[in-house]
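Source file: protein-v9.cif; contents: mmCIF, C-alpha atoms.
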```cif
data_final
#
loop_
_atom_site.group_PDB
_atom_site.id
_atom_site.type_symbol
_atom_site.label_atom_id
_atom_site.label_comp_id
_atom_site.auth_asym_id
_atom_site.auth_seq_id
_atom_site.Cartn_x
_atom_site.Cartn_y
_atom_site.Cartn_z
ATOM 1 C CA MET A 1 30.101 -3.776 29.728
ATOM 2 C CA ALA A 2 29.312 -1.876 26.539
ATOM 3 C CA ALA A 3 26.243 0.293 27.048
ATOM 4 C CA ALA A 4 24.103 -1.301 24.322
ATOM 5 C CA ASN A 5 24.677 -4.744 25.786
ATOM 6 C CA ARG A 6 22.611 -3.895 28.855
ATOM 7 C CA ILE A 7 19.377 -3.594 26.822
ATOM 8 C CA LYS A 8 20.142 -6.602 24.619
ATOM 9 C CA LYS A 9 21.257 -8.661 27.609
ATOM 10 C CA LYS A 10 18.110 -7.784 29.559
ATOM 11 C CA PHE A 11 15.787 -8.846 26.740
ATOM 12 C CA ALA A 12 17.728 -12.111 26.383
ATOM 13 C CA GLU A 13 17.419 -12.795 30.124
ATOM 14 C CA LEU A 14 13.686 -12.068 30.061
ATOM 15 C CA LYS A 15 13.106 -14.239 27.007
ATOM 16 C CA ALA A 16 14.829 -17.149 28.762
ATOM 17 C CA ARG A 17 12.499 -16.676 31.743
ATOM 18 C CA GLY A 18 9.398 -16.212 29.587
ATOM 19 C CA GLU A 19 8.845 -12.657 30.868
ATOM 20 C CA ALA A 20 8.056 -9.320 29.273
ATOM 21 C CA ALA A 21 10.028 -6.245 30.326
ATOM 22 C CA LEU A 22 8.423 -3.635 32.546
ATOM 23 C CA ILE A 23 9.756 -0.168 31.710
ATOM 24 C CA PRO A 24 8.628 2.636 34.026
ATOM 25 C CA PHE A 25 8.957 6.203 32.724
ATOM 26 C CA ILE A 26 9.874 8.833 35.308
ATOM 27 C CA VAL A 27 10.729 12.454 34.657
ATOM 28 C CA ALA A 28 14.210 13.261 35.893
ATOM 29 C CA GLY A 29 14.029 15.994 38.504
ATOM 30 C CA ASP A 30 10.395 15.467 39.519
ATOM 31 C CA PRO A 31 10.229 16.603 42.258
ATOM 32 C CA ASP A 32 14.043 16.757 42.434
ATOM 33 C CA LEU A 33 17.020 14.774 41.190
ATOM 34 C CA ASP A 34 17.730 13.156 44.547
ATOM 35 C CA THR A 35 14.223 11.671 44.546
ATOM 36 C CA THR A 36 14.752 10.503 40.953
ATOM 37 C CA ARG A 37 17.974 8.793 41.995
ATOM 38 C CA ARG A 38 16.201 7.030 44.879
ATOM 39 C CA LEU A 39 13.255 6.136 42.619
ATOM 40 C CA VAL A 40 15.547 4.417 40.114
ATOM 41 C CA LEU A 41 16.965 2.213 42.874
ATOM 42 C CA GLU A 42 13.497 1.542 44.305
ATOM 43 C CA LEU A 43 12.048 0.576 40.920
ATOM 44 C CA ASP A 44 15.027 -1.669 40.226
ATOM 45 C CA ALA A 45 14.355 -3.455 43.519
ATOM 46 C CA ARG A 46 10.604 -3.707 42.793
ATOM 47 C CA GLY A 47 11.008 -5.555 39.493
ATOM 48 C CA ALA A 48 11.462 -2.888 36.817
ATOM 49 C CA ASP A 49 13.598 -4.228 33.971
ATOM 50 C CA MET A 50 14.638 -0.931 32.360
ATOM 51 C CA ILE A 51 13.844 2.698 33.173
ATOM 52 C CA GLU A 52 13.083 5.625 30.886
ATOM 53 C CA LEU A 53 14.351 8.938 32.243
ATOM 54 C CA GLY A 54 12.259 11.790 30.863
ATOM 55 C CA VAL A 55 14.277 14.898 29.988
ATOM 56 C CA PRO A 56 12.322 17.999 31.101
ATOM 57 C CA PHE A 57 11.228 20.169 28.170
ATOM 58 C CA SER A 58 8.943 23.179 27.896
ATOM 59 C CA ASP A 59 6.903 22.041 24.829
ATOM 60 C CA PRO A 60 6.222 18.295 25.166
ATOM 61 C CA MET A 61 3.647 17.918 22.389
ATOM 62 C CA ALA A 62 3.409 14.118 22.683
ATOM 63 C CA ASP A 63 2.620 14.210 26.380
ATOM 64 C CA GLY A 64 -0.720 14.571 28.130
ATOM 65 C CA PRO A 65 -1.469 16.705 31.212
ATOM 66 C CA ALA A 66 0.053 14.362 33.840
ATOM 67 C CA ASN A 67 3.432 14.134 32.125
ATOM 68 C CA GLN A 68 3.319 17.820 31.129
ATOM 69 C CA ARG A 69 3.053 18.808 34.782
ATOM 70 C CA SER A 70 5.799 16.327 35.695
ATOM 71 C CA LEU A 71 8.111 17.752 33.031
ATOM 72 C CA ALA A 72 7.368 21.291 34.238
ATOM 73 C CA ARG A 73 8.271 20.280 37.799
ATOM 74 C CA GLY A 74 11.519 18.814 36.492
ATOM 75 C CA LEU A 75 12.326 22.040 34.681
ATOM 76 C CA GLY A 76 11.536 24.011 37.824
ATOM 77 C CA ALA A 77 13.927 21.814 39.783
ATOM 78 C CA GLY A 78 16.731 22.587 37.305
ATOM 79 C CA ALA A 79 17.055 19.092 35.824
ATOM 80 C CA SER A 80 19.262 19.870 32.827
ATOM 81 C CA LEU A 81 20.797 17.187 30.628
ATOM 82 C CA ALA A 82 24.171 17.765 32.301
ATOM 83 C CA ALA A 83 22.631 17.353 35.761
ATOM 84 C CA ILE A 84 20.761 14.208 34.692
ATOM 85 C CA LEU A 85 23.925 12.605 33.313
ATOM 86 C CA SER A 86 25.773 13.450 36.518
ATOM 87 C CA MET A 87 23.026 11.653 38.471
ATOM 88 C CA VAL A 88 23.225 8.640 36.139
ATOM 89 C CA SER A 89 26.981 8.468 36.627
ATOM 90 C CA GLU A 90 26.437 8.317 40.395
ATOM 91 C CA LEU A 91 23.738 5.660 39.977
ATOM 92 C CA ARG A 92 26.052 3.336 38.070
ATOM 93 C CA ALA A 93 27.916 2.625 41.307
ATOM 94 C CA HIS A 94 24.703 1.040 42.605
ATOM 95 C CA THR A 95 22.736 -0.457 39.689
ATOM 96 C CA GLN A 96 23.211 -1.898 36.217
ATOM 97 C CA ILE A 97 19.554 -1.573 35.170
ATOM 98 C CA PRO A 98 19.338 -0.315 31.547
ATOM 99 C CA LEU A 99 18.607 3.431 31.466
ATOM 100 C CA ILE A 100 17.052 5.209 28.490
ATOM 101 C CA LEU A 101 16.884 8.973 27.933
ATOM 102 C CA PHE A 102 13.404 9.898 26.661
ATOM 103 C CA GLY A 103 12.762 13.403 25.365
ATOM 104 C CA TYR A 104 12.611 15.923 22.553
ATOM 105 C CA TYR A 105 15.215 17.080 20.057
ATOM 106 C CA ASN A 106 15.542 20.702 21.117
ATOM 107 C CA PRO A 107 17.519 19.997 24.328
ATOM 108 C CA ILE A 108 19.609 17.383 22.493
ATOM 109 C CA PHE A 109 20.418 19.789 19.646
ATOM 110 C CA HIS A 110 21.280 22.535 22.139
ATOM 111 C CA TYR A 111 23.614 20.183 24.047
ATOM 112 C CA GLY A 112 25.143 18.851 20.826
ATOM 113 C CA CYS A 113 24.633 15.322 19.471
ATOM 114 C CA GLN A 114 28.300 14.324 19.452
ATOM 115 C CA ARG A 115 28.940 15.707 22.915
ATOM 116 C CA LEU A 116 25.731 14.242 24.351
ATOM 117 C CA CYS A 117 26.375 10.727 23.080
ATOM 118 C CA ALA A 118 29.931 10.711 24.391
ATOM 119 C CA ASP A 119 28.874 12.109 27.783
ATOM 120 C CA ALA A 120 25.828 9.806 28.008
ATOM 121 C CA ALA A 121 27.873 6.692 27.270
ATOM 122 C CA ARG A 122 30.450 7.754 29.834
ATOM 123 C CA ALA A 123 27.703 8.277 32.423
ATOM 124 C CA GLY A 124 26.052 4.910 31.735
ATOM 125 C CA ILE A 125 23.076 5.642 29.472
ATOM 126 C CA ASP A 126 22.067 2.655 27.297
ATOM 127 C CA GLY A 127 19.464 4.077 24.919
ATOM 128 C CA MET A 128 17.838 7.257 23.676
ATOM 129 C CA LEU A 129 14.352 7.939 22.367
ATOM 130 C CA CYS A 130 13.731 11.321 20.769
ATOM 131 C CA VAL A 131 9.983 11.746 20.300
ATOM 132 C CA ASP A 132 10.057 14.382 17.556
ATOM 133 C CA LEU A 133 13.011 13.073 15.534
ATOM 134 C CA PRO A 134 11.974 10.942 12.510
ATOM 135 C CA PRO A 135 14.480 8.349 11.270
ATOM 136 C CA GLU A 136 15.024 10.269 8.024
ATOM 137 C CA GLU A 137 16.491 13.173 10.009
ATOM 138 C CA ALA A 138 18.187 11.201 12.777
ATOM 139 C CA ASP A 139 21.660 10.623 11.321
ATOM 140 C CA GLU A 140 23.166 13.499 13.286
ATOM 141 C CA LEU A 141 22.190 11.710 16.508
ATOM 142 C CA LYS A 142 22.237 8.100 15.323
ATOM 143 C CA ARG A 143 25.838 8.073 14.118
ATOM 144 C CA PRO A 144 27.462 9.239 17.380
ATOM 145 C CA ALA A 145 25.016 7.167 19.414
ATOM 146 C CA ARG A 146 25.996 3.960 17.686
ATOM 147 C CA ALA A 147 29.676 4.912 17.804
ATOM 148 C CA ASN A 148 29.288 5.140 21.582
ATOM 149 C CA GLY A 149 27.235 1.943 21.946
ATOM 150 C CA ILE A 150 23.898 3.683 22.633
ATOM 151 C CA ASP A 151 20.688 2.277 21.144
ATOM 152 C CA ILE A 152 18.369 4.662 19.287
ATOM 153 C CA ILE A 153 14.741 3.664 19.817
ATOM 154 C CA PHE A 154 12.006 4.896 17.478
ATOM 155 C CA LEU A 155 8.253 5.256 17.890
ATOM 156 C CA LEU A 156 5.581 3.609 15.765
ATOM 157 C CA ALA A 157 1.917 4.632 15.829
ATOM 158 C CA PRO A 158 -1.264 2.674 15.056
ATOM 159 C CA THR A 159 -1.494 4.770 11.896
ATOM 160 C CA THR A 160 2.041 3.951 10.677
ATOM 161 C CA PRO A 161 1.833 2.114 7.321
ATOM 162 C CA ILE A 162 3.549 -1.267 7.252
ATOM 163 C CA GLU A 163 6.174 -0.192 4.699
ATOM 164 C CA ARG A 164 7.120 2.752 6.901
ATOM 165 C CA SER A 165 7.225 0.433 9.930
ATOM 166 C CA ARG A 166 9.713 -1.699 8.021
ATOM 167 C CA LYS A 167 11.843 1.391 7.255
ATOM 168 C CA ILE A 168 11.733 2.582 10.874
ATOM 169 C CA ALA A 169 12.681 -0.872 12.123
ATOM 170 C CA ARG A 170 15.794 -0.849 9.929
ATOM 171 C CA SER A 171 16.912 2.404 11.594
ATOM 172 C CA ALA A 172 16.210 1.309 15.158
ATOM 173 C CA SER A 173 18.156 -0.687 17.708
ATOM 174 C CA GLY A 174 17.366 -1.891 21.224
ATOM 175 C CA PHE A 175 13.613 -2.230 20.654
ATOM 176 C CA LEU A 176 10.710 -0.643 18.805
ATOM 177 C CA TYR A 177 8.276 1.449 20.811
ATOM 178 C CA TYR A 178 4.679 1.026 19.664
ATOM 179 C CA VAL A 179 2.331 3.825 20.749
ATOM 180 C CA ALA A 180 -0.850 2.023 21.803
ATOM 181 C CA VAL A 181 -3.179 4.977 21.238
ATOM 182 C CA THR A 182 -3.577 7.769 18.727
ATOM 183 C CA GLY A 183 -2.973 10.885 20.783
ATOM 184 C CA VAL A 184 -0.841 11.994 23.701
ATOM 185 C CA THR A 185 0.317 10.087 26.777
ATOM 186 C CA GLY A 186 -2.177 9.513 29.596
ATOM 187 C CA ALA A 187 -4.197 6.811 31.303
ATOM 188 C CA ARG A 188 -6.978 5.192 29.259
ATOM 189 C CA ALA A 189 -9.892 3.105 30.495
ATOM 190 C CA GLU A 190 -9.591 0.670 27.578
ATOM 191 C CA LEU A 191 -6.694 -0.648 25.517
ATOM 192 C CA ASP A 192 -6.650 -0.757 21.721
ATOM 193 C CA THR A 193 -8.684 -3.814 20.698
ATOM 194 C CA ASN A 194 -6.497 -4.185 17.598
ATOM 195 C CA LEU A 195 -3.246 -4.404 19.563
ATOM 196 C CA ALA A 196 -2.788 -8.131 18.912
ATOM 197 C CA SER A 197 -3.068 -7.707 15.144
ATOM 198 C CA HIS A 198 -0.677 -4.734 15.206
ATOM 199 C CA MET A 199 1.873 -6.820 17.115
ATOM 200 C CA ARG A 200 1.577 -9.681 14.619
ATOM 201 C CA GLU A 201 2.037 -7.270 11.733
ATOM 202 C CA LEU A 202 5.126 -5.683 13.289
ATOM 203 C CA ARG A 203 6.701 -9.061 14.044
ATOM 204 C CA SER A 204 6.490 -9.790 10.327
ATOM 205 C CA VAL A 205 8.865 -6.901 9.560
ATOM 206 C CA THR A 206 11.409 -7.018 12.403
ATOM 207 C CA ASP A 207 13.171 -9.260 14.902
ATOM 208 C CA LEU A 208 13.618 -6.375 17.336
ATOM 209 C CA PRO A 209 11.721 -6.652 20.630
ATOM 210 C CA LEU A 210 8.424 -4.742 20.640
ATOM 211 C CA GLY A 211 7.566 -2.387 23.487
ATOM 212 C CA VAL A 212 4.097 -0.919 23.966
ATOM 213 C CA GLY A 213 3.356 2.316 25.805
ATOM 214 C CA PHE A 214 0.894 5.221 26.129
ATOM 215 C CA GLY A 215 -2.389 4.633 27.961
ATOM 216 C CA ILE A 216 -1.288 1.755 30.238
ATOM 217 C CA SER A 217 -1.959 2.595 33.887
ATOM 218 C CA THR A 218 -3.122 -0.491 35.828
ATOM 219 C CA PRO A 219 -1.644 -3.921 36.635
ATOM 220 C CA ALA A 220 -4.496 -5.546 34.684
ATOM 221 C CA GLN A 221 -3.708 -3.492 31.555
ATOM 222 C CA ALA A 222 0.034 -4.202 31.911
ATOM 223 C CA ALA A 223 -0.754 -7.928 32.155
ATOM 224 C CA GLU A 224 -2.878 -7.863 28.988
ATOM 225 C CA VAL A 225 -0.144 -6.079 27.026
ATOM 226 C CA ALA A 226 2.552 -8.395 28.411
ATOM 227 C CA LYS A 227 0.809 -11.326 26.701
ATOM 228 C CA LEU A 228 1.333 -9.639 23.317
ATOM 229 C CA ALA A 229 4.496 -7.524 23.549
ATOM 230 C CA ASP A 230 8.078 -7.899 24.744
ATOM 231 C CA ALA A 231 7.940 -4.772 26.898
ATOM 232 C CA VAL A 232 5.330 -2.642 28.666
ATOM 233 C CA VAL A 233 6.003 1.073 29.241
ATOM 234 C CA VAL A 234 4.125 2.936 31.984
ATOM 235 C CA GLY A 235 4.434 6.702 32.462
ATOM 236 C CA SER A 236 1.467 8.921 33.254
ATOM 237 C CA ALA A 237 0.177 6.741 36.095
ATOM 238 C CA ILE A 238 3.574 7.116 37.746
ATOM 239 C CA SER A 239 3.674 10.881 37.149
ATOM 240 C CA LEU A 240 0.308 11.159 38.920
ATOM 241 C CA LEU A 241 1.590 9.169 41.897
ATOM 242 C CA ILE A 242 4.710 11.338 42.147
ATOM 243 C CA GLU A 243 2.543 14.458 42.008
ATOM 244 C CA LYS A 244 0.325 13.178 44.814
ATOM 245 C CA HIS A 245 2.851 11.506 47.087
ATOM 246 C CA ALA A 246 5.835 13.838 46.821
ATOM 247 C CA VAL A 247 4.019 16.171 49.215
ATOM 248 C CA THR A 248 3.187 13.373 51.669
ATOM 249 C CA GLY A 249 6.713 11.969 51.707
ATOM 250 C CA ASP A 250 5.869 8.417 50.641
ATOM 251 C CA VAL A 251 6.557 8.653 46.915
ATOM 252 C CA LEU A 252 8.970 5.695 46.898
ATOM 253 C CA GLU A 253 6.416 3.392 48.488
ATOM 254 C CA ALA A 254 3.587 4.569 46.224
ATOM 255 C CA VAL A 255 5.456 4.295 42.924
ATOM 256 C CA GLY A 256 7.304 1.158 43.944
ATOM 257 C CA GLY A 257 4.023 -0.450 44.942
ATOM 258 C CA LEU A 258 2.449 0.160 41.534
ATOM 259 C CA VAL A 259 5.491 -1.093 39.659
ATOM 260 C CA GLY A 260 5.753 -4.190 41.833
ATOM 261 C CA ALA A 261 2.066 -4.979 41.302
ATOM 262 C CA MET A 262 2.418 -4.514 37.550
ATOM 263 C CA LYS A 263 5.411 -6.837 37.308
ATOM 264 C CA THR A 264 3.639 -9.498 39.376
ATOM 265 C CA ALA A 265 0.541 -9.267 37.158
ATOM 266 C CA MET A 266 2.625 -9.392 33.969
ATOM 267 C CA ASN A 267 4.495 -12.504 35.086
ATOM 268 C CA ALA A 268 1.265 -14.231 36.118
ATOM 269 C CA ALA A 269 -0.303 -13.431 32.735
ATOM 270 C CA ARG A 270 2.672 -14.856 30.880
ATOM 271 C CA ARG A 271 2.635 -18.054 32.949
ATOM 272 C CA ALA A 272 -1.101 -18.468 32.400
ATOM 273 C CA ASP A 273 -0.940 -17.966 28.622
ATOM 274 C CA PRO A 274 1.318 -20.475 26.875
ATOM 275 C CA ILE A 275 0.732 -18.695 23.554
ATOM 276 C CA ALA A 276 2.279 -15.479 24.799
ATOM 277 C CA ASN A 277 5.873 -16.702 24.829
ATOM 278 C CA ALA A 278 5.567 -18.030 21.294
ATOM 279 C CA GLY A 279 5.295 -14.453 20.064
ATOM 280 C CA ASP A 280 8.561 -13.305 21.558
ATOM 281 C CA ALA A 281 11.080 -11.574 19.380
ATOM 282 C CA ASN A 282 14.509 -12.953 18.823
ATOM 283 C CA GLY A 283 16.232 -9.992 20.411
#
```
Let me see the structure of the file written as structure tokens.
Amino acid sequence: MAAANRIKKKFAELKARGEAALIPFIVAGDPDLDTTRRLVLELDARGADMIELGVPFSDPMADGPANQRSLARGLGAGASLAAILSMVSELRAHTQIPLILFGYYNPIFHYGCQRLCADAARAGIDGMLCVDLPPEEADELKRPARANGIDIIFLLAPTTPIERSRKIARSASGFLYYVAVTGVTGARAELDTNLASHMRELRSVTDLPLGVGFGISTPAQAAEVAKLADAVVVGSAISLLIEKHAVTGDVLEAVGGLVGAMKTAMNAARRADPIANAGDANG
């Protein structure tokens, strides 16, 4: 199967079932790559639909304290891009869940865009999201990514003007990632009250699925977002669980439990709200 088809195929399957995608973010190498490998399989079994693999980086300016510490632990464990791709290659013997590299441009530039895209496609990566790479400067990565069947996913913020959203959407593939808060990653007590209107506005400029992340940390919040978006991304809450439970040895149960509860709540919210499915994207 071509790599890009895994993301497109997953959204099509979910749309047919009336579900939104749950996309956990975990930092590769936190606390070590073997745990990351086991976490991917656990989350797949617990109902995750895709998984973002964070690439450890020393200056993660878009991330809050929980993910910063997680990324630092990944760096300390030696989780380089080459090591992450080797792990992904091993995982592909056991799972076909879409996998997305999530990180910053410095490690990608150092590795080399052409080389990374070829190696990532060979390993089984389906998408890439580079936080600090605007679409106007992304050709060096976008061209080899698309040549190798890898989706390039871009971020949109609540402050992004609609005309710029339209421009970003034209450059993206896979899905659009809407940042639900102004600021860095991290759990929030309340969701953006304007999220519904932002989703309606974005659906007027693109047919790509819409994912929402940043600030979502509970099953109840995931359920609320699932009624409006095509995908829900959860990161910092998982980083906190890994930090706490890696030392007690029950990290798989703790993280898997949260993800399973989120997916159950999201599906229940979709079934209870007949309007939700009407907003689905075509992708």
Using all atoms listed in the file, which residues of region 182-236 of chain A come within 7 Å of region 248-267 of chain A, and what is the closest atom pair for each, with the distance in Å to one decimal? Give it as JSON lines, sorted by chain and residue number.
```
{"residue": "A:Pro219", "atom": "CA", "partner": "A:Met262", "partner_atom": "CA", "distance": 4.2}
{"residue": "A:Ala220", "atom": "CA", "partner": "A:Ala265", "partner_atom": "CA", "distance": 6.7}
{"residue": "A:Ala222", "atom": "CA", "partner": "A:Met262", "partner_atom": "CA", "distance": 6.1}
{"residue": "A:Ala223", "atom": "CA", "partner": "A:Met266", "partner_atom": "CA", "distance": 4.1}
{"residue": "A:Ala226", "atom": "CA", "partner": "A:Met266", "partner_atom": "CA", "distance": 5.6}
```
Problem - Non-local contacts of Leu71 (chain A) (12 Å; all atoms listed in the file; under 5 positions in same chain excluded) as a PyMOL selection string - result: chain A and resi 25-32+53-66+76-80+102-104+235-236+239-240+242-243
Problem - Point-to-point distance from CA of Asp126 (chain A) to CA of Thr95 (chain A), Å rounded to tenths - result: 12.8 Å
Exercise for the section: Quick one: residues within 9 Å of (10.4, -3.4, 36.4) (file frame), counting all atoms listed in the file, please, as number ranges by chain. Expected result: A: 21-24, 43-51, 259-260, 262-263
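Between CA of Gly112 (chain A) and CA of Lys142 (chain A) lies a distance of 12.4 Å.
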Run the PyMOL selection byres ((chain A and resi 229) around 10) on the file and write out the hits as a short mmCIF file (atom, residue, chain, number, x, y, z; two decimals) with C-alpha atoms, in the coordinates of the input.
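Everything below was put into part-v3.cif:
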```
data_model
loop_
_atom_site.label_atom_id
_atom_site.label_comp_id
_atom_site.auth_asym_id
_atom_site.auth_seq_id
_atom_site.Cartn_x
_atom_site.Cartn_y
_atom_site.Cartn_z
CA GLU A 19 8.85 -12.66 30.87
CA ALA A 20 8.06 -9.32 29.27
CA ALA A 21 10.03 -6.24 30.33
CA TYR A 178 4.68 1.03 19.66
CA LEU A 195 -3.25 -4.40 19.56
CA ALA A 196 -2.79 -8.13 18.91
CA MET A 199 1.87 -6.82 17.11
CA ARG A 200 1.58 -9.68 14.62
CA ARG A 203 6.70 -9.06 14.04
CA PRO A 209 11.72 -6.65 20.63
CA LEU A 210 8.42 -4.74 20.64
CA GLY A 211 7.57 -2.39 23.49
CA VAL A 212 4.10 -0.92 23.97
CA GLU A 224 -2.88 -7.86 28.99
CA VAL A 225 -0.14 -6.08 27.03
CA ALA A 226 2.55 -8.40 28.41
CA LYS A 227 0.81 -11.33 26.70
CA LEU A 228 1.33 -9.64 23.32
CA ASP A 230 8.08 -7.90 24.74
CA ALA A 231 7.94 -4.77 26.90
CA VAL A 232 5.33 -2.64 28.67
CA ALA A 276 2.28 -15.48 24.80
CA ASN A 277 5.87 -16.70 24.83
CA GLY A 279 5.30 -14.45 20.06
CA ASP A 280 8.56 -13.30 21.56
CA ALA A 281 11.08 -11.57 19.38
#
```
Fill in the blank from the handout: Between A:Ile84, A:Pro144, A:Ser197, A:Thr206, smallest distance to Ile168 (chain A) by only C-alpha atoms belongs to A:Thr206
Handout entry: Among the residues A:Ile97, A:Asn106, A:Phe214, A:Gly124, the one that comes closest to Glu42 (chain A) [using all atoms listed in the file]
Key = A:Ile97
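A straight line drawn from CA of Leu208 (chain A) to CA of Phe109 (chain A) is 27.1 Å long.
Here the PyMOL selection byres ((chain A and resi 113) around 9) catches exactly these residues: A:Ile108, A:Phe109, A:His110, A:Tyr111, A:Gly112, A:Gln114, A:Arg115, A:Leu116, A:Cys117, A:Ala118, A:Glu140, A:Leu141, A:Lys142, A:Pro144, A:Ala145.
In terms of minimum interatomic distance to Asp34 (chain A), A:Ser86 ranks closest within A:Thr159, A:Ser171, A:Asn148, A:Ser86, counting all atoms listed in the file.
Compared by their closest atoms to Leu85 (chain A), and using all atoms listed in the file, the residues A:Ala72, A:Leu101, A:Ala16, A:Cys130 rank with A:Leu101 nearest.
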Is it possible to get the axis-aligned box enclosing region 32-50 of chain A (all listed atoms, 5 Å extra per side) as AutoDock Vina command-line options, with centre and edge lengths in Å rounded to one decimal?
```
--center_x 14.3 --center_y 5.6 --center_z 38.6 --size_x 17.4 --size_y 32.3 --size_z 22.5
```
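Of the listed residues (A:Ala138, A:Ile7, A:Ala180, A:Val40), A:Val40 comes nearest to Val88 (chain A); the distances count all atoms listed in the file.
Closest approach to Pro98 (chain A) from the set A:Ala83, A:Met128, A:Leu39, A:Ile238 is made by A:Met128, with distances taken over all atoms listed in the file.
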Exercise for the section: Skip Ala169 (chain A) itself and residues of its chain fewer than 5 positions away, then list as a list in words all residues within 12 Å of it, counting only C-alpha atoms. Expected result: Pro134, Pro135, Ile152, Ile153, Phe154, Leu155, Leu156, Thr160, Ile162, Glu163, Arg164, Gly174, Phe175, Leu176, Tyr177, Tyr178, Leu202, Arg203, Ser204, Val205, Thr206, Asp207, Leu208, Pro209 and Leu210 of chain A
